[in-house]
Amino acid sequence: MSGPQDGSTGSSATPGTLDLIMARKRRELAERPPMAPRPRPAARDFAGALRSRPRGRPVSVIAEVKRKSPSGGAFPHPDVVAVARAYEAAGASAISVLTDGPDFGGHLEDLVAVRAAVSLPVLRKDFLVAACEVEESALWGADAVLLIADALEDGELREMLATARAVGVAALVEAHTEAHAERALAAGAELVGINNRDLATLKTDVGTALRVMPRLRSRARALVAESGLKTVTELVAARDAGADAVLVGESLLRAVEPGRALRRLLGEEDGSP
């Protein structure tokens, strides 16, 4: 993905899938009615969950629920609450909930339902474009939000990070390149995710995080490797490159039993065929 290499200026998304989605999200936000007040539940420690690796496991796992994706199509598990419960039983450290509707089949109500069904921290994963959506996420019960450095201006990213701190929500800032990861750190990000999938083209290279994370490991509170991870060997490699956690979705959601698939990914005997 092309973009400013010094991490200092400008819009960082290239024309393609990501740009199209972000343009749609900005239109949706402009047309949305004002947010109604909601009682906010007490926050759960998302950052702590990433850093507190369960004994005997290579990394913590953020396990994702979604009904479909642009790259993967529809998944065979429409009941996201049931999948989230299976993930928790299998030892996930946090749950990622896709709340985008058109491309992922999600809704903010999914976030509410999943959080009520599990005791784990819950990440709202969406294509957020403004600070008011960070506030909205907190009110709907998110313990963390995903911010995509590749798609946000420096000023937008700083404002959204400041808002996250103000409302007590963790912010996982995702980047696909080292340049955008540097932008994330410069903006004040403490939790950084390296996405192996280029959101402009939807192509995945599981070596991306392995190349980028070693240069960041001493400056981030926690590092997360995202997308394309399918084996315990890849999880170990991510850990050795500096990952505290991985975010996994499609490889689990394609399985007949997502919870069992998570145990198998972690190399546990009760997840073997």
# chains A, B, ... in the order shown; residues from 1 in each chain; ligands from 1
$ residues_around --residues "Arg67 (chain A)" --least-positions-apart "4" --cutoff "7 Å" --atoms "only C-alpha atoms" --output "PyMOL selection string"
chain A and resi 74-75+77-78+104-106
$ select_by_dssp --residues "region 6-230 of chain A" --states "strand (DSSP E)" --output "count of residues only"
40
$ closest_residue --among "A:Gly91, A:Pro102, A:Gly259, A:Gly267" --to "Lys25 (chain A)" --atoms "only C-alpha atoms"
A:Pro102
$ closest_atom_pairs --of "region 28-111 of chain A" --to "region 215-229 of chain A" --cutoff "10 Å" --atoms "only C-alpha atoms" --output "JSON lines"
{"residue": "A:Ala47", "atom": "CA", "partner": "A:Ala222", "partner_atom": "CA", "distance": 7.3}
{"residue": "A:Gly48", "atom": "CA", "partner": "A:Ala222", "partner_atom": "CA", "distance": 9.2}
{"residue": "A:Leu50", "atom": "CA", "partner": "A:Ala222", "partner_atom": "CA", "distance": 7.0}
{"residue": "A:Arg51", "atom": "CA", "partner": "A:Ala222", "partner_atom": "CA", "distance": 6.6}
{"residue": "A:Val59", "atom": "CA", "partner": "A:Val224", "partner_atom": "CA", "distance": 9.4}
{"residue": "A:Ser60", "atom": "CA", "partner": "A:Val224", "partner_atom": "CA", "distance": 9.1}
{"residue": "A:Val61", "atom": "CA", "partner": "A:Val224", "partner_atom": "CA", "distance": 9.1}
{"residue": "A:Ile62", "atom": "CA", "partner": "A:Val224", "partner_atom": "CA", "distance": 9.0}
$ residues_around --residues "region 175-190 of chain A" --least-positions-apart "2" --cutoff "7 Å" --atoms "only C-alpha atoms" --output "PDB file with C-alpha atoms, in the first residue's frame"
ATOM      1  CA  GLN A   5       6.852   7.183   3.876  1.00  0.00           C
ATOM      2  CA  ASP A   6       7.905   9.651   6.545  1.00  0.00           C
ATOM      3  CA  GLY A   7       4.661   9.228   8.445  1.00  0.00           C
ATOM      4  CA  SER A   8       4.128  12.965   8.610  1.00  0.00           C
ATOM      5  CA  ILE A 148      -7.040   2.152  10.979  1.00  0.00           C
ATOM      6  CA  ALA A 149      -3.959   4.327  10.577  1.00  0.00           C
ATOM      7  CA  ASP A 150      -3.798   3.671   6.833  1.00  0.00           C
ATOM      8  CA  ASP A 154      -2.768  12.321  11.346  1.00  0.00           C
ATOM      9  CA  LEU A 157      -5.986   9.726  14.450  1.00  0.00           C
ATOM     10  CA  ARG A 158      -4.691  11.955  17.246  1.00  0.00           C
ATOM     11  CA  VAL A 173      -4.367   1.152  16.031  1.00  0.00           C
ATOM     12  CA  VAL A 192      -0.503  -1.434  17.622  1.00  0.00           C
ATOM     13  CA  GLY A 193      -1.798  -4.081  15.250  1.00  0.00           C
ATOM     14  CA  ILE A 194       0.018  -5.085  12.077  1.00  0.00           C
ATOM     15  CA  ASN A 195      -2.461  -6.318   9.496  1.00  0.00           C
ATOM     16  CA  ASN A 196      -1.097  -8.934   7.135  1.00  0.00           C
ATOM     17  CA  ASP A 198      -3.587  -5.025   2.562  1.00  0.00           C
ATOM     18  CA  VAL A 212       7.425  -5.003  10.819  1.00  0.00           C
ATOM     19  CA  ALA A 220       4.463  -0.250  21.945  1.00  0.00           C
ATOM     20  CA  ARG A 221       2.663  -1.386  25.069  1.00  0.00           C
ATOM     21  CA  ALA A 222       1.340  -4.365  23.099  1.00  0.00           C
TER      22      ALA A 222
END
$ select_by_dssp --residues "region 156-221 of chain A" --states "helix (DSSP H, G or I)" --output "ChimeraX atom specification"
/A:156-167,178-186,207-215
$ write_last_selection --atoms "N, CA and C atoms" --output "short mmCIF file (atom, residue, chain, number, x, y, z; two decimals), in the first residue's frame"
data_model
loop_
_atom_site.label_atom_id
_atom_site.label_comp_id
_atom_site.auth_asym_id
_atom_site.auth_seq_id
_atom_site.Cartn_x
_atom_site.Cartn_y
_atom_site.Cartn_z
N GLU A 156 -6.89 13.35 12.53
CA GLU A 156 -8.03 12.51 12.90
C GLU A 156 -7.60 11.43 13.88
N LEU A 157 -6.47 10.80 13.59
CA LEU A 157 -5.99 9.73 14.45
C LEU A 157 -5.67 10.24 15.85
N ARG A 158 -5.00 11.38 15.93
CA ARG A 158 -4.69 11.95 17.25
C ARG A 158 -5.97 12.29 18.02
N GLU A 159 -6.93 12.89 17.33
CA GLU A 159 -8.18 13.26 18.00
C GLU A 159 -8.92 12.03 18.50
N MET A 160 -8.96 10.98 17.71
CA MET A 160 -9.66 9.77 18.11
C MET A 160 -8.96 9.05 19.26
N LEU A 161 -7.63 9.08 19.25
CA LEU A 161 -6.88 8.50 20.38
C LEU A 161 -7.12 9.30 21.65
N ALA A 162 -7.14 10.62 21.53
CA ALA A 162 -7.40 11.46 22.70
C ALA A 162 -8.80 11.20 23.25
N THR A 163 -9.75 11.03 22.36
CA THR A 163 -11.12 10.75 22.79
C THR A 163 -11.20 9.40 23.48
N ALA A 164 -10.51 8.40 22.94
CA ALA A 164 -10.49 7.08 23.57
C ALA A 164 -9.96 7.17 25.00
N ARG A 165 -8.88 7.92 25.18
CA ARG A 165 -8.34 8.09 26.53
C ARG A 165 -9.34 8.79 27.44
N ALA A 166 -10.03 9.79 26.91
CA ALA A 166 -10.96 10.57 27.71
C ALA A 166 -12.16 9.75 28.16
N VAL A 167 -12.63 8.84 27.32
CA VAL A 167 -13.82 8.06 27.67
C VAL A 167 -13.46 6.69 28.24
N GLU A 178 5.21 -0.43 7.81
CA GLU A 178 6.00 0.16 8.89
C GLU A 178 5.79 1.67 8.96
N ALA A 179 5.66 2.33 7.80
CA ALA A 179 5.46 3.78 7.80
C ALA A 179 4.19 4.16 8.54
N HIS A 180 3.12 3.42 8.31
CA HIS A 180 1.87 3.74 8.99
C HIS A 180 1.91 3.34 10.47
N ALA A 181 2.65 2.30 10.79
CA ALA A 181 2.85 1.96 12.20
C ALA A 181 3.61 3.07 12.92
N GLU A 182 4.59 3.65 12.25
CA GLU A 182 5.31 4.77 12.84
C GLU A 182 4.38 5.97 13.04
N ARG A 183 3.47 6.20 12.09
CA ARG A 183 2.48 7.26 12.25
C ARG A 183 1.62 7.00 13.48
N ALA A 184 1.22 5.74 13.66
CA ALA A 184 0.40 5.39 14.82
C ALA A 184 1.11 5.70 16.12
N LEU A 185 2.38 5.31 16.22
CA LEU A 185 3.15 5.57 17.44
C LEU A 185 3.33 7.07 17.64
N ALA A 186 3.60 7.80 16.57
CA ALA A 186 3.79 9.25 16.68
C ALA A 186 2.51 9.94 17.14
N GLY A 207 3.79 -12.81 6.24
CA GLY A 207 5.12 -12.35 6.64
C GLY A 207 5.17 -10.87 6.97
N THR A 208 4.10 -10.13 6.66
CA THR A 208 4.12 -8.68 6.89
C THR A 208 4.37 -8.34 8.35
N ALA A 209 3.59 -8.91 9.24
CA ALA A 209 3.76 -8.62 10.66
C ALA A 209 5.13 -9.07 11.16
N LEU A 210 5.62 -10.19 10.64
CA LEU A 210 6.92 -10.69 11.08
C LEU A 210 8.04 -9.73 10.71
N ARG A 211 7.89 -9.04 9.59
CA ARG A 211 8.91 -8.08 9.17
C ARG A 211 8.82 -6.76 9.92
N VAL A 212 7.62 -6.34 10.25
CA VAL A 212 7.43 -5.00 10.82
C VAL A 212 7.55 -4.98 12.34
N MET A 213 7.03 -5.99 13.02
CA MET A 213 6.94 -5.93 14.48
C MET A 213 8.27 -5.82 15.21
N PRO A 214 9.34 -6.49 14.75
CA PRO A 214 10.60 -6.36 15.51
C PRO A 214 11.09 -4.92 15.63
N ARG A 215 10.74 -4.05 14.71
CA ARG A 215 11.17 -2.65 14.75
C ARG A 215 10.31 -1.82 15.70
#
$ atom_distance --atom1 "CA of Trp140 (chain A)" --atom2 "CA of Val169 (chain A)"
11.3 Å
$ atom_distance --atom1 "CA of Leu199 (chain A)" --atom2 "CA of Leu18 (chain A)"
5.3 Å
$ atom_distance --atom1 "CA of Val145 (chain A)" --atom2 "CA of Gly56 (chain A)"
27.9 Å
$ closest_residue --among "A:Ser119, A:Arg264, A:Asp205, A:Ser137" --to "His107 (chain A)" --atoms "only C-alpha atoms"
A:Ser137
